[in-house]
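Student: Please read through the structure below; I'll follow up with questions.
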Amino acid sequence: MYPDIEYSFEVKNIIVNGDYATVQVYETAKGTAKEPSEYLEDKGQLESTGEYIYYLKKFGNRWK
């Protein structure tokens with residue numbers, strides 16, 4: 001749908017408390033729909049921004 005889509009993100013803050021962590025992230029996505037599809041009736045450009053919080057738990061040496 002968006003063959004040239006590009007994603008970027010910036011980590012704003014990380015808080016670790018024992019085996020738990022909270023990561024605040026700012027993400028953007030940009031892309032172009034060059035042809036109509038079953039979801040879009042026309043061509044166009046996608047621009048998306050968002051702020052997200054990921055909650056992680058440590059398992060051994062890995063965060064999930």
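In the structure tokens, each chain is lettered A, B, ... as it comes, each chain's residues begin at 1, and ligands are numbered from 1 in order of appearance.
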Looking only at strand (DSSP E or B) from DSSP on the backbone, list the matching residues of chain A as a ChimeraX atom specification.
Tutor: /A:6-17,20-33,44-59,62-63
Student: Find the residues around Phe59 in chain A up to 12 Å (only C-alpha atoms counted), leave out those fewer than 2 positions away in its own chain, and share them as a list in words.
Tutor: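 My list of contacting residues is Gly18, Asp19, Tyr20, Ala21, Leu56, Lys57, Asn61, Arg62, Trp63 and Lys64 of chain A.
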Student: Between CA of Lys30 in chain A and CA of Phe9 in chain A, measure the distance and give it in Å to one decimal.
Tutor: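 Rounded to one decimal, the two atoms are 12.0 Å apart.
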Student: Give me the residues near Ala29 in chain A as a list in words, where near means some atom within 10 Å (using only C-alpha atoms) and where sequence neighbours in that chain fewer than 2 positions away do not count.
Tutor: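 Residues near the query, excluding close chain neighbours: Ile5, Glu6, Tyr7, Ser8, Phe9, Glu27, Gly31, Leu46, Glu47, Ser48, Thr49 and Gly50 of chain A.
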Student: Excluding Met1 in chain A and any residue of its chain fewer than 4 positions from it, enumerate the residues within 12 Å of it, using only C-alpha atoms, and give them as an MDAnalysis selection string.
Tutor: chainID A and resid 5 31:46
Student: What separation in Å, quoted to one decimal, exists between CA of Lys12 in chain A and CA of Lys58 in chain A?
Tutor: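 Distance between the two atoms: 20.1 Å.
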Student: Grab the CA of Tyr52 in chain A to CA of Ile15 in chain A distance for me, in Å with one decimal place.
Tutor: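 Spanning CA of Tyr52 in chain A to CA of Ile15 in chain A is a straight-line distance of 14.0 Å.
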